[in-house]
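Below: protein-v1.tsv (TSV, C-alpha atoms)
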```
chain	number	residue	atom	x	y	z
A	187	MET	CA	82.85	-106.71	-141.11
A	188	ALA	CA	81.20	-107.63	-144.38
A	189	GLU	CA	77.92	-105.80	-144.64
A	190	PRO	CA	75.88	-107.08	-147.59
A	191	ARG	CA	76.10	-104.46	-150.30
A	192	THR	CA	72.95	-102.73	-151.32
A	193	GLY	CA	74.14	-100.43	-154.10
A	194	ARG	CA	74.75	-101.36	-157.69
A	195	LEU	CA	77.77	-103.59	-157.99
A	196	VAL	CA	78.12	-103.15	-161.76
A	197	ARG	CA	79.22	-99.63	-162.69
A	198	GLU	CA	79.99	-97.87	-165.91
A	199	LEU	CA	83.56	-96.69	-166.19
A	200	GLU	CA	83.24	-92.99	-165.53
A	201	GLY	CA	84.85	-90.63	-168.00
A	202	ALA	CA	86.06	-93.43	-170.26
A	203	ALA	CA	85.42	-93.39	-174.00
A	204	VAL	CA	83.09	-96.22	-175.02
A	205	ARG	CA	84.57	-98.04	-177.97
A	206	GLN	CA	81.59	-100.30	-178.51
A	207	GLN	CA	78.32	-100.60	-176.65
A	208	TRP	CA	77.12	-103.88	-175.24
A	209	GLY	CA	74.57	-105.48	-177.56
A	210	THR	CA	75.77	-103.78	-180.75
A	211	ILE	CA	77.44	-105.17	-183.87
A	212	THR	CA	80.12	-103.49	-185.94
A	213	GLU	CA	81.24	-104.39	-189.43
A	214	ASN	CA	83.38	-107.48	-189.30
A	215	ALA	CA	86.41	-108.50	-191.26
A	216	VAL	CA	85.02	-111.90	-192.19
A	217	ARG	CA	82.50	-110.76	-194.83
A	218	LEU	CA	79.44	-112.02	-193.08
A	219	ASP	CA	76.55	-109.63	-193.56
A	220	ARG	CA	75.55	-107.72	-190.48
A	221	ASP	CA	72.17	-109.40	-189.85
A	222	ASP	CA	73.73	-112.83	-190.11
A	223	ALA	CA	76.62	-111.83	-187.86
A	224	GLU	CA	74.12	-110.51	-185.35
A	225	ARG	CA	72.22	-113.81	-185.24
A	226	MET	CA	75.46	-115.72	-184.85
A	227	VAL	CA	76.74	-113.42	-182.09
A	228	GLU	CA	73.46	-113.76	-180.21
A	229	ALA	CA	73.74	-117.56	-180.36
A	230	LEU	CA	77.44	-117.59	-179.45
A	231	ASN	CA	76.84	-115.33	-176.45
A	232	ALA	CA	74.57	-118.04	-175.04
A	233	ASP	CA	77.30	-120.67	-175.50
A	234	HIS	CA	79.91	-118.26	-174.15
A	235	ALA	CA	77.84	-117.51	-171.03
A	236	GLY	CA	77.09	-121.22	-170.66
A	237	ALA	CA	80.81	-122.06	-170.80
A	238	PHE	CA	81.43	-119.30	-168.25
A	239	ASN	CA	78.98	-120.85	-165.78
A	240	LEU	CA	80.24	-124.37	-166.48
A	241	PHE	CA	83.74	-123.15	-165.65
A	242	TYR	CA	82.53	-121.77	-162.31
A	243	VAL	CA	80.60	-124.81	-161.15
A	244	LEU	CA	83.40	-127.20	-162.10
A	245	ARG	CA	85.87	-125.04	-160.25
A	246	LYS	CA	83.68	-124.80	-157.16
A	247	HIS	CA	83.49	-128.59	-157.08
A	248	TYR	CA	87.24	-128.85	-157.61
A	249	TRP	CA	87.86	-126.73	-154.49
A	250	THR	CA	85.78	-128.86	-152.20
A	251	ALA	CA	86.69	-132.23	-153.75
A	252	GLU	CA	90.35	-131.30	-153.42
A	253	GLY	CA	89.90	-130.51	-149.73
A	254	ALA	CA	88.06	-133.75	-149.14
A	255	GLU	CA	90.96	-135.70	-150.62
A	256	HIS	CA	88.99	-137.16	-153.48
A	257	GLU	CA	92.16	-136.79	-155.50
A	258	ASP	CA	91.10	-138.44	-158.73
A	259	VAL	CA	87.92	-136.44	-158.93
A	260	ALA	CA	89.77	-133.22	-158.06
A	261	ASP	CA	92.38	-133.82	-160.78
A	262	MET	CA	89.67	-134.47	-163.36
A	263	LEU	CA	87.70	-131.38	-162.37
A	264	LYS	CA	90.78	-129.16	-162.54
A	265	GLU	CA	91.54	-130.27	-166.09
A	266	GLN	CA	87.91	-129.86	-167.03
A	267	TYR	CA	87.49	-126.39	-165.61
A	268	GLU	CA	90.65	-125.31	-167.45
A	269	ARG	CA	89.18	-126.61	-170.71
A	270	ALA	CA	85.87	-124.85	-169.99
A	271	ARG	CA	87.76	-121.59	-169.50
A	272	GLU	CA	89.59	-122.05	-172.80
A	273	LEU	CA	86.29	-122.70	-174.55
A	274	ASN	CA	84.91	-119.57	-172.89
A	275	ASP	CA	87.90	-117.56	-174.18
A	276	ASP	CA	87.63	-118.99	-177.70
A	277	LEU	CA	83.93	-118.22	-177.95
A	278	ALA	CA	84.54	-114.66	-176.71
A	279	GLU	CA	87.22	-114.23	-179.35
A	280	ARG	CA	84.91	-115.51	-182.10
A	281	ILE	CA	82.21	-113.08	-180.95
A	282	THR	CA	84.61	-110.13	-181.26
A	283	THR	CA	85.82	-111.37	-184.65
A	284	LEU	CA	82.20	-111.32	-185.83
A	285	GLY	CA	81.90	-107.70	-184.63
A	286	GLY	CA	79.98	-108.38	-181.41
A	287	VAL	CA	80.62	-107.85	-177.70
A	288	PRO	CA	80.95	-110.91	-175.44
A	289	ALA	CA	78.87	-110.83	-172.24
A	290	SER	CA	81.11	-109.94	-169.29
A	291	THR	CA	78.98	-108.81	-166.34
A	292	PRO	CA	76.89	-111.01	-164.04
A	293	PRO	CA	73.55	-109.65	-165.34
A	294	THR	CA	74.47	-110.05	-169.03
A	295	LEU	CA	76.01	-113.48	-168.47
A	296	GLN	CA	73.06	-114.78	-166.47
A	297	GLU	CA	70.62	-113.39	-169.02
A	298	TYR	CA	72.23	-115.48	-171.76
A	299	ALA	CA	73.47	-118.59	-169.97
A	300	PRO	CA	71.48	-121.78	-170.56
A	301	VAL	CA	73.66	-123.42	-167.86
A	302	HIS	CA	72.72	-122.41	-164.31
A	303	LEU	CA	75.04	-121.69	-161.42
A	304	GLU	CA	74.59	-123.71	-158.24
A	305	ALA	CA	73.15	-122.39	-154.96
A	306	GLU	CA	76.07	-121.14	-152.88
A	307	HIS	CA	76.10	-123.87	-150.23
A	308	HIS	CA	78.44	-126.83	-150.19
A	309	PHE	CA	76.70	-129.94	-151.53
A	310	ASP	CA	77.95	-133.50	-151.47
A	311	LEU	CA	80.21	-134.72	-154.23
A	312	ARG	CA	77.68	-136.92	-155.93
A	313	ALA	CA	75.05	-134.20	-156.21
A	314	SER	CA	77.76	-131.81	-157.38
A	315	LEU	CA	78.92	-134.14	-160.15
A	316	GLU	CA	75.33	-134.78	-161.21
A	317	GLY	CA	74.95	-131.03	-161.58
A	318	ASP	CA	78.14	-130.85	-163.65
A	319	LEU	CA	76.87	-133.57	-165.94
A	320	GLU	CA	73.61	-131.71	-166.43
A	321	ALA	CA	75.58	-128.52	-167.17
A	322	TYR	CA	77.63	-130.34	-169.82
A	323	ALA	CA	74.50	-131.80	-171.40
A	324	THR	CA	72.83	-128.38	-171.56
A	325	LEU	CA	75.86	-126.71	-173.13
A	326	VAL	CA	76.35	-129.54	-175.64
A	327	ALA	CA	72.70	-129.26	-176.74
A	328	SER	CA	72.99	-125.50	-177.15
A	329	MET	CA	76.22	-125.69	-179.15
A	330	ARG	CA	74.89	-128.45	-181.36
A	331	GLU	CA	71.93	-126.31	-182.26
A	332	HIS	CA	74.28	-123.46	-183.11
A	333	VAL	CA	76.35	-125.63	-185.43
A	334	GLY	CA	73.11	-125.87	-187.42
A	335	LEU	CA	72.67	-122.10	-187.40
A	336	ALA	CA	76.29	-121.46	-188.41
A	337	LYS	CA	75.88	-123.89	-191.32
A	338	GLU	CA	72.70	-122.16	-192.43
A	339	LEU	CA	74.48	-118.78	-192.37
A	340	GLY	CA	77.54	-120.15	-194.13
A	341	ASP	CA	79.81	-119.26	-191.21
A	342	GLU	CA	82.22	-122.14	-191.68
A	343	ALA	CA	84.81	-121.01	-189.12
A	344	THR	CA	82.17	-121.04	-186.38
A	345	VAL	CA	80.98	-124.47	-187.52
A	346	GLU	CA	84.54	-125.71	-187.22
A	347	LEU	CA	85.12	-124.15	-183.77
A	348	LEU	CA	81.88	-125.49	-182.29
A	349	GLN	CA	82.27	-128.98	-183.74
A	350	ASP	CA	85.82	-129.25	-182.52
A	351	ARG	CA	84.89	-128.20	-178.96
A	352	LEU	CA	81.76	-130.35	-178.88
A	353	GLU	CA	83.87	-133.45	-179.13
A	354	ALA	CA	85.99	-132.43	-176.12
A	355	LEU	CA	82.91	-131.52	-174.08
A	356	GLU	CA	81.32	-134.89	-174.78
A	357	ASP	CA	84.51	-136.67	-173.64
A	358	ASP	CA	84.58	-134.66	-170.42
A	359	ALA	CA	80.92	-135.37	-169.72
A	360	SER	CA	81.52	-139.06	-170.22
A	361	ASP	CA	84.41	-139.02	-167.71
A	362	ILE	CA	82.08	-137.58	-165.08
A	363	GLU	CA	79.54	-140.26	-165.90
A	364	ASP	CA	82.20	-142.89	-165.21
A	365	PHE	CA	82.83	-141.44	-161.75
A	366	LEU	CA	79.13	-141.43	-160.99
A	367	ALA	CA	78.96	-145.11	-161.87
A	368	ASP	CA	81.72	-145.77	-159.34
A	369	ASP	CA	80.57	-147.60	-156.19
A	370	THR	CA	82.42	-145.45	-153.67
A	371	LEU	CA	80.54	-142.41	-154.88
A	372	VAL	CA	77.25	-144.27	-154.91
A	373	GLU	CA	77.72	-145.04	-151.22
A	374	GLY	CA	78.19	-141.33	-150.54
A	375	SER	CA	80.27	-139.84	-147.76
A	376	ARG	CA	77.49	-138.60	-145.53
B	748	MET	CA	72.30	-107.68	-159.93
B	749	SER	CA	69.40	-109.78	-161.19
B	750	ALA	CA	68.73	-112.90	-159.18
B	751	PRO	CA	69.74	-115.75	-161.46
B	752	HIS	CA	68.07	-119.10	-161.27
B	753	LEU	CA	70.36	-121.30	-159.20
B	754	ARG	CA	70.44	-125.06	-159.34
B	755	ASN	CA	69.78	-126.45	-155.87
B	756	PRO	CA	70.32	-130.19	-155.34
B	757	GLY	CA	68.25	-130.01	-152.14
B	758	ASP	CA	68.65	-130.60	-148.41
B	759	ASP	CA	69.56	-134.27	-148.75
B	760	ALA	CA	72.74	-133.31	-150.56
B	761	LEU	CA	73.54	-130.29	-148.38
B	762	ARG	CA	76.80	-130.60	-146.50
B	763	GLN	CA	77.32	-127.04	-145.32
B	764	GLU	CA	75.35	-123.84	-145.72
B	765	TRP	CA	76.86	-120.72	-147.22
B	766	ASP	CA	78.17	-118.22	-144.62
B	767	THR	CA	78.62	-120.78	-141.87
B	768	ILE	CA	81.71	-122.20	-140.26
B	769	VAL	CA	82.31	-125.71	-138.93
B	770	ASP	CA	85.17	-127.08	-136.82
B	771	ASN	CA	88.43	-127.58	-138.68
B	772	GLU	CA	91.14	-130.14	-138.28
B	773	LEU	CA	93.90	-127.54	-138.06
B	774	ARG	CA	93.66	-126.82	-134.32
B	775	LEU	CA	92.61	-123.25	-134.96
B	776	ASP	CA	89.74	-122.33	-132.72
B	777	ARG	CA	86.50	-121.68	-134.50
B	778	GLU	CA	86.36	-117.97	-133.77
B	779	ALA	CA	89.88	-117.35	-135.05
B	780	ALA	CA	89.15	-119.48	-138.12
B	781	ALA	CA	85.97	-117.47	-138.73
B	782	ARG	CA	87.95	-114.22	-138.83
B	783	VAL	CA	90.42	-115.63	-141.34
B	784	VAL	CA	87.61	-117.10	-143.47
B	785	GLU	CA	85.84	-113.73	-143.54
B	786	ALA	CA	89.05	-112.06	-144.71
B	787	LEU	CA	89.87	-114.71	-147.31
B	788	ASN	CA	86.33	-114.58	-148.70
B	789	ALA	CA	86.79	-110.85	-149.31
B	790	ASP	CA	90.00	-111.71	-151.18
B	791	LEU	CA	88.16	-114.35	-153.24
B	792	SER	CA	85.46	-111.84	-154.16
B	793	GLY	CA	88.05	-109.27	-155.26
B	794	LEU	CA	90.07	-111.87	-157.16
B	795	TYR	CA	86.93	-113.03	-158.95
B	796	ILE	CA	86.01	-109.53	-160.05
B	797	LEU	CA	89.51	-108.58	-161.21
B	798	PHE	CA	90.01	-111.95	-162.96
B	799	ASN	CA	86.87	-111.37	-165.02
B	800	GLN	CA	87.81	-107.77	-165.69
B	801	LEU	CA	91.20	-108.82	-167.10
B	802	ARG	CA	89.50	-111.46	-169.21
B	803	LYS	CA	86.98	-108.96	-170.54
B	804	HIS	CA	89.88	-106.73	-171.51
B	805	TYR	CA	91.84	-109.36	-173.35
B	806	TRP	CA	88.72	-110.65	-175.08
B	807	THR	CA	87.80	-107.25	-176.43
B	808	LEU	CA	91.32	-106.04	-177.18
B	809	GLU	CA	92.05	-109.08	-179.33
B	810	GLY	CA	93.20	-108.24	-182.83
B	811	ARG	CA	93.80	-104.56	-182.21
B	812	GLU	CA	97.59	-104.50	-182.52
B	813	VAL	CA	98.05	-104.75	-178.81
B	814	ARG	CA	99.47	-108.27	-178.71
B	815	PRO	CA	101.82	-107.72	-175.73
B	816	VAL	CA	98.99	-106.28	-173.61
B	817	VAL	CA	96.66	-109.15	-174.50
B	818	GLU	CA	99.32	-111.72	-173.69
B	819	PHE	CA	100.16	-110.06	-170.41
B	820	LEU	CA	96.49	-109.92	-169.36
B	821	GLU	CA	95.95	-113.60	-170.20
B	822	ASN	CA	98.93	-114.63	-168.09
B	823	ALA	CA	98.03	-112.26	-165.27
B	824	ALA	CA	94.51	-113.76	-165.22
B	825	ASP	CA	96.10	-117.22	-164.92
B	826	ARG	CA	98.06	-116.06	-161.91
B	827	LEU	CA	94.94	-114.64	-160.25
B	828	SER	CA	93.22	-117.93	-160.94
B	829	GLU	CA	95.98	-119.87	-159.16
B	830	ALA	CA	95.71	-117.57	-156.14
B	831	THR	CA	91.93	-118.03	-156.15
B	832	ASP	CA	92.20	-121.82	-156.15
B	833	GLU	CA	94.68	-121.91	-153.31
B	834	ILE	CA	92.76	-119.44	-151.15
B	835	ALA	CA	89.41	-121.17	-151.78
B	836	ILE	CA	90.88	-124.53	-150.77
B	837	ARG	CA	92.27	-122.87	-147.63
B	838	VAL	CA	88.82	-121.50	-146.73
B	839	HIS	CA	87.44	-125.01	-147.05
B	840	ALA	CA	90.22	-126.39	-144.83
B	841	LEU	CA	89.47	-123.71	-142.21
B	842	GLY	CA	85.86	-124.91	-142.01
B	843	GLY	CA	84.28	-122.21	-144.18
B	844	VAL	CA	82.49	-122.14	-147.53
B	845	PRO	CA	84.51	-120.23	-150.15
B	846	VAL	CA	82.79	-117.43	-152.08
B	847	ASN	CA	81.41	-119.25	-155.12
B	848	GLY	CA	78.54	-117.24	-156.57
B	849	PRO	CA	76.83	-113.87	-157.05
B	850	MET	CA	75.54	-113.59	-153.46
B	851	GLY	CA	78.93	-114.14	-151.86
B	852	ILE	CA	80.70	-111.93	-154.37
B	853	ARG	CA	78.32	-109.09	-153.61
B	854	GLN	CA	78.48	-109.59	-149.85
B	855	HIS	CA	82.28	-109.35	-149.80
B	856	ALA	CA	83.08	-107.20	-152.84
B	857	PRO	CA	86.04	-104.82	-152.25
B	858	ILE	CA	85.71	-103.39	-155.79
B	859	THR	CA	82.86	-102.83	-158.26
B	860	ILE	CA	82.29	-104.68	-161.54
B	861	GLU	CA	82.95	-102.84	-164.81
B	862	GLY	CA	79.92	-102.28	-167.05
B	863	ALA	CA	79.31	-104.42	-170.16
B	864	ASP	CA	80.33	-101.83	-172.77
B	865	VAL	CA	83.78	-101.99	-174.34
B	866	TYR	CA	85.93	-99.07	-173.24
B	867	ALA	CA	89.07	-97.60	-174.79
B	868	LEU	CA	92.35	-99.32	-173.96
B	869	ARG	CA	93.85	-96.75	-171.64
B	870	PRO	CA	90.92	-96.28	-169.22
B	871	SER	CA	90.49	-100.07	-169.22
B	872	LEU	CA	94.07	-100.59	-168.07
B	873	GLU	CA	93.77	-97.74	-165.56
B	874	HIS	CA	90.76	-99.54	-164.13
B	875	ASP	CA	92.82	-102.74	-163.85
B	876	LEU	CA	95.58	-100.87	-162.04
B	877	GLU	CA	93.09	-99.37	-159.60
B	878	ALA	CA	91.63	-102.80	-158.83
B	879	TYR	CA	95.12	-104.28	-158.37
B	880	ALA	CA	96.01	-101.51	-155.89
B	881	ILE	CA	92.93	-102.15	-153.75
B	882	LEU	CA	93.48	-105.89	-153.81
B	883	VAL	CA	97.15	-105.60	-152.87
B	884	ALA	CA	96.35	-103.36	-149.88
B	885	GLN	CA	93.68	-105.78	-148.73
B	886	LEU	CA	95.93	-108.84	-149.07
B	887	ARG	CA	98.58	-107.07	-147.04
B	888	ASP	CA	96.06	-106.39	-144.24
B	889	HIS	CA	95.08	-110.04	-144.30
B	890	VAL	CA	98.68	-111.22	-143.97
B	891	ALA	CA	98.82	-109.13	-140.78
B	892	LEU	CA	95.54	-110.59	-139.54
B	893	ALA	CA	96.65	-114.18	-140.17
B	894	GLN	CA	99.92	-113.41	-138.40
B	895	GLU	CA	98.11	-112.02	-135.40
B	896	ILE	CA	95.97	-115.16	-135.20
B	897	GLY	CA	98.97	-117.40	-135.68
B	898	ASP	CA	97.67	-119.02	-138.88
B	899	GLU	CA	101.09	-119.50	-140.49
B	900	THR	CA	99.85	-121.48	-143.50
B	901	THR	CA	97.52	-118.66	-144.51
B	902	VAL	CA	100.34	-116.14	-144.01
B	903	GLU	CA	102.50	-118.20	-146.34
B	904	ILE	CA	99.79	-118.59	-149.01
B	905	LEU	CA	98.91	-114.89	-149.04
B	906	ARG	CA	102.51	-113.71	-149.04
B	907	GLY	CA	103.40	-115.78	-152.07
B	908	HIS	CA	100.50	-114.47	-154.09
B	909	LEU	CA	100.92	-110.92	-152.84
B	910	ARG	CA	104.39	-110.78	-154.38
B	911	THR	CA	103.10	-112.07	-157.74
B	912	ILE	CA	100.14	-109.70	-157.75
B	913	GLU	CA	102.33	-106.70	-156.84
B	914	THR	CA	104.64	-107.51	-159.76
B	915	ASP	CA	101.66	-107.69	-162.13
B	916	ALA	CA	100.30	-104.37	-160.85
B	917	HIS	CA	103.68	-102.83	-161.55
B	918	ASP	CA	103.66	-104.25	-165.09
B	919	VAL	CA	100.26	-102.68	-165.77
B	920	GLU	CA	101.74	-99.40	-164.60
B	921	LYS	CA	104.59	-99.81	-167.08
B	922	PHE	CA	102.15	-100.41	-169.95
B	923	LEU	CA	100.41	-97.18	-169.02
B	924	ALA	CA	103.71	-95.30	-169.03
B	925	ASP	CA	104.43	-96.59	-172.55
B	926	ASP	CA	104.30	-93.92	-175.25
B	927	THR	CA	102.18	-95.91	-177.69
B	928	LEU	CA	99.45	-96.20	-175.09
B	929	VAL	CA	99.58	-92.56	-174.10
B	930	ARG	CA	98.35	-91.67	-177.56
B	931	THR	CA	94.70	-92.60	-178.03
B	932	ASP	CA	94.22	-95.35	-180.57
B	933	ASP	CA	90.96	-94.24	-182.13
```

Entire entry expressed as structure tokens:
Amino acid sequence: MAEPRTGRLVRELEGAAVRQQWGTITENAVRLDRDDAERMVEALNADHAGAFNLFYVLRKHYWTAEGAEHEDVADMLKEQYERARELNDDLAERITTLGGVPASTPPTLQEYAPVHLEAEHHFDLRASLEGDLEAYATLVASMREHVGLAKELGDEATVELLQDRLEALEDDASDIEDFLADDTLVEGSR
Amino acid sequence: MSAPHLRNPGDDALRQEWDTIVDNELRLDREAAARVVEALNADLSGLYILFNQLRKHYWTLEGREVRPVVEFLENAADRLSEATDEIAIRVHALGGVPVNGPMGIRQHAPITIEGADVYALRPSLEHDLEAYAILVAQLRDHVALAQEIGDETTVEILRGHLRTIETDAHDVEKFLADDTLVRTDD
């Protein structure tokens, strides 16, 4: 059955023309000079990869919370992982608009992501939600810092995008906090 | 693949280790459940890889006059995501731990992951079609396996998604047959 793979899992697409190499910047249509765009893309790739990992941990916890019939928590996590995916998409789109390439492979994503994935076991709901909260806090801190950078570079559209999404992230984090304050979760199910 | 730092809440919070199976409440014996879990985890790994490949393609195609392709890929990714959720929840119900990270994806991967460079549109879509074909064949095998074991719920879940995924594969094929895509765009 499933033998653990030993070869390289990430492969270049053989024979295909490369339109843009990972890690490069092309001229962009938004009149930001190339050095500035490069700094912004570098910063946004961290937020993008962070949103990617946030999406995955929320979704993992949704799967197991759903199965355990913690309906309210499962519903919340489903909505939240969908928002994390949208954020991930929007950041990727902004990166391409600035002339960059969004991270898309496990090595590039994990190199950039300030938010860590969880070990692949199943952990109890409380520990899982605590991890989610930490992931939100990490991503919020990173994006807040990048609002500052975008302002410094005069990239107003990025400022707007990040600020808008920060508000939603903070709301989602606070909803998780409310669940953690709930007695039934404090008791634990073990 | 580099070994990323993984957050580990520790043994006190551990409910079930990766790659193990516990008794289920579905009256499927543990051995039969283990075979289905193994199969479904391979589907989850493939769905994960293709989902991210489609996303990569719509991210990097954005704004290049290929609106219908981008829209299709976004919606197709949504459909893969729905299949992933349902199958992962089924694995959990069967007493397994669904594939949820780099180790499990690698262990079960039916397809490889596309490199980080941005490729031309046509080879990108060809790569999507190839991944769809492998995934469809695998899902079909797993319907047969679940049937043999008598796990009707899994049969039902896989069949529903198989039809959707086959339709999407066919749509990718149609994009590739389209004249505007046959000509190279740069």

Take the point (80.3, -126.3, -135.0) in the file's coordinates, draw a sphere of radius 12 Å around it, and report as a count of residues only every protein, DNA or RNA residue with an atom inside or on it, counting only C-alpha atoms. 15

If we count all atoms listed in the file, what is near Leu909 in chain B at a cut-off of 8 Å, once residues fewer than 3 positions away on the same chain are taken out, given as a list of chain:residue names?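 These residues fall inside the cut-off: B:Val883, B:Leu886, B:Arg887, B:Leu905, B:Arg906, B:Ile912, B:Glu913.
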
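Here CA of Tyr795 in chain B and CA of Glu829 in chain B stand 11.3 Å from one another.
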
For range 264-275 of chain A: contacts at 10 Å, only C-alpha atoms, fewer than 4 positions along chain excluded, given as a short mmCIF file (atom, residue, chain, number, x, y, z; two decimals) with C-alpha atoms, in the coordinates of the input:
```
data_model
loop_
_atom_site.label_atom_id
_atom_site.label_comp_id
_atom_site.auth_asym_id
_atom_site.auth_seq_id
_atom_site.Cartn_x
_atom_site.Cartn_y
_atom_site.Cartn_z
CA ASN A 231 76.84 -115.33 -176.45
CA ASP A 233 77.30 -120.67 -175.50
CA HIS A 234 79.91 -118.26 -174.15
CA ALA A 235 77.84 -117.51 -171.03
CA GLY A 236 77.09 -121.22 -170.66
CA ALA A 237 80.81 -122.06 -170.80
CA PHE A 238 81.43 -119.30 -168.25
CA ASN A 239 78.98 -120.85 -165.78
CA LEU A 240 80.24 -124.37 -166.48
CA PHE A 241 83.74 -123.15 -165.65
CA TYR A 242 82.53 -121.77 -162.31
CA VAL A 243 80.60 -124.81 -161.15
CA LEU A 244 83.40 -127.20 -162.10
CA ARG A 245 85.87 -125.04 -160.25
CA LYS A 246 83.68 -124.80 -157.16
CA HIS A 247 83.49 -128.59 -157.08
CA TYR A 248 87.24 -128.85 -157.61
CA TRP A 249 87.86 -126.73 -154.49
CA GLU A 252 90.35 -131.30 -153.42
CA VAL A 259 87.92 -136.44 -158.93
CA ALA A 260 89.77 -133.22 -158.06
CA GLU A 279 87.22 -114.23 -179.35
CA ARG A 280 84.91 -115.51 -182.10
CA ILE A 281 82.21 -113.08 -180.95
CA PRO A 288 80.95 -110.91 -175.44
CA TYR A 322 77.63 -130.34 -169.82
CA LEU A 347 85.12 -124.15 -183.77
CA LEU A 348 81.88 -125.49 -182.29
CA ARG A 351 84.89 -128.20 -178.96
CA LEU A 352 81.76 -130.35 -178.88
CA ALA A 354 85.99 -132.43 -176.12
CA LEU A 355 82.91 -131.52 -174.08
CA ASP A 358 84.58 -134.66 -170.42
CA ALA A 359 80.92 -135.37 -169.72
CA ASP A 361 84.41 -139.02 -167.71
CA ILE A 362 82.08 -137.58 -165.08
CA ARG B 802 89.50 -111.46 -169.21
CA LYS B 803 86.98 -108.96 -170.54
CA TYR B 805 91.84 -109.36 -173.35
CA TRP B 806 88.72 -110.65 -175.08
CA GLU B 821 95.95 -113.60 -170.20
CA ASP B 832 92.20 -121.82 -156.15
#
```

Test item: residues at most 10 Å from Ser328 in chain A, all atoms listed in the file, excluding those fewer than 4 positions along its chain, as a list in words: Ala229, Leu230, Ala232, Asp233, Gly236, Ala299, Pro300, Val301, Tyr322, Ala323, Thr324, His332 and Val333 of chain A

Within 6 Å of chain A, which residues of chain B come that close, and what is the closest atom pair and distance in Å for each? Count only C-alpha atoms and give it as CSV.
```
residue,atom,partner,partner_atom,distance
B:Met748,CA,A:Pro293,CA,5.9
B:Ser749,CA,A:Pro293,CA,5.9
B:Leu753,CA,A:Glu304,CA,5.0
B:Arg754,CA,A:Glu304,CA,4.5
B:Asn755,CA,A:Ala305,CA,5.4
B:Ala760,CA,A:Phe309,CA,5.3
B:Leu761,CA,A:Phe309,CA,4.5
B:Arg762,CA,A:Phe309,CA,5.1
B:Gln763,CA,A:His308,CA,5.0
B:Glu764,CA,A:His307,CA,4.6
B:Trp765,CA,A:His307,CA,4.4
B:Trp806,CA,A:Glu279,CA,5.8
B:Ile836,CA,A:Trp249,CA,5.3
B:Gly848,CA,A:Glu306,CA,5.9
B:Gln854,CA,A:Pro190,CA,4.3
B:His855,CA,A:Ala188,CA,5.8
B:Thr859,CA,A:Leu195,CA,5.2
B:Ile860,CA,A:Val196,CA,4.4
B:Glu861,CA,A:Arg197,CA,5.4
B:Gly862,CA,A:Glu198,CA,4.6
B:Ala863,CA,A:Trp208,CA,5.6
B:Asp864,CA,A:Gln207,CA,4.5
B:Val865,CA,A:Gln206,CA,5.0
B:Tyr866,CA,A:Val204,CA,4.4
B:Ala867,CA,A:Arg205,CA,5.5
B:Pro870,CA,A:Ala202,CA,5.7
```

Selection export as a PDB file, in the frame of the given file, atoms kept: C-alpha atoms:
```
ATOM      1  CA  MET B 748      72.300-107.680-159.930  1.00  0.00           C
ATOM      2  CA  SER B 749      69.400-109.780-161.190  1.00  0.00           C
ATOM      3  CA  LEU B 753      70.360-121.300-159.200  1.00  0.00           C
ATOM      4  CA  ARG B 754      70.440-125.060-159.340  1.00  0.00           C
ATOM      5  CA  ASN B 755      69.780-126.450-155.870  1.00  0.00           C
ATOM      6  CA  ALA B 760      72.740-133.310-150.560  1.00  0.00           C
ATOM      7  CA  LEU B 761      73.540-130.290-148.380  1.00  0.00           C
ATOM      8  CA  ARG B 762      76.800-130.600-146.500  1.00  0.00           C
ATOM      9  CA  GLN B 763      77.320-127.040-145.320  1.00  0.00           C
ATOM     10  CA  GLU B 764      75.350-123.840-145.720  1.00  0.00           C
ATOM     11  CA  TRP B 765      76.860-120.720-147.220  1.00  0.00           C
ATOM     12  CA  TRP B 806      88.720-110.650-175.080  1.00  0.00           C
ATOM     13  CA  ILE B 836      90.880-124.530-150.770  1.00  0.00           C
ATOM     14  CA  GLY B 848      78.540-117.240-156.570  1.00  0.00           C
ATOM     15  CA  GLN B 854      78.480-109.590-149.850  1.00  0.00           C
ATOM     16  CA  HIS B 855      82.280-109.350-149.800  1.00  0.00           C
ATOM     17  CA  THR B 859      82.860-102.830-158.260  1.00  0.00           C
ATOM     18  CA  ILE B 860      82.290-104.680-161.540  1.00  0.00           C
ATOM     19  CA  GLU B 861      82.950-102.840-164.810  1.00  0.00           C
ATOM     20  CA  GLY B 862      79.920-102.280-167.050  1.00  0.00           C
ATOM     21  CA  ALA B 863      79.310-104.420-170.160  1.00  0.00           C
ATOM     22  CA  ASP B 864      80.330-101.830-172.770  1.00  0.00           C
ATOM     23  CA  VAL B 865      83.780-101.990-174.340  1.00  0.00           C
ATOM     24  CA  TYR B 866      85.930 -99.070-173.240  1.00  0.00           C
ATOM     25  CA  ALA B 867      89.070 -97.600-174.790  1.00  0.00           C
ATOM     26  CA  PRO B 870      90.920 -96.280-169.220  1.00  0.00           C
TER      27      PRO B 870
END
```

Quick one: of A:Asp261, A:Tyr298, A:Phe365, A:Leu218, who's nearest to Leu325 in chain A, counting only C-alpha atoms?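 Result for the nearest residue to Leu325 in chain A: A:Tyr298.
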
With a distance cut-off of 9 Å and all atoms listed in the file, select the neighbouring residues of Glu873 in chain B, excluding the residue or stretch itself and same-chain residues fewer than 4 positions from it, and output the selection as a JSON list (two decimals) with C-alpha atoms, keeping the file's coordinate frame.
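Result file is result.json:
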```json
[["chain", "number", "residue", "atom", "x", "y", "z"],
["B", 868, "LEU", "CA", 92.35, -99.32, -173.96],
["B", 869, "ARG", "CA", 93.85, -96.75, -171.64],
["B", 877, "GLU", "CA", 93.09, -99.37, -159.60],
["B", 878, "ALA", "CA", 91.63, -102.80, -158.83],
["B", 919, "VAL", "CA", 100.26, -102.68, -165.77],
["B", 920, "GLU", "CA", 101.74, -99.40, -164.60],
["B", 923, "LEU", "CA", 100.41, -97.18, -169.02]]
```
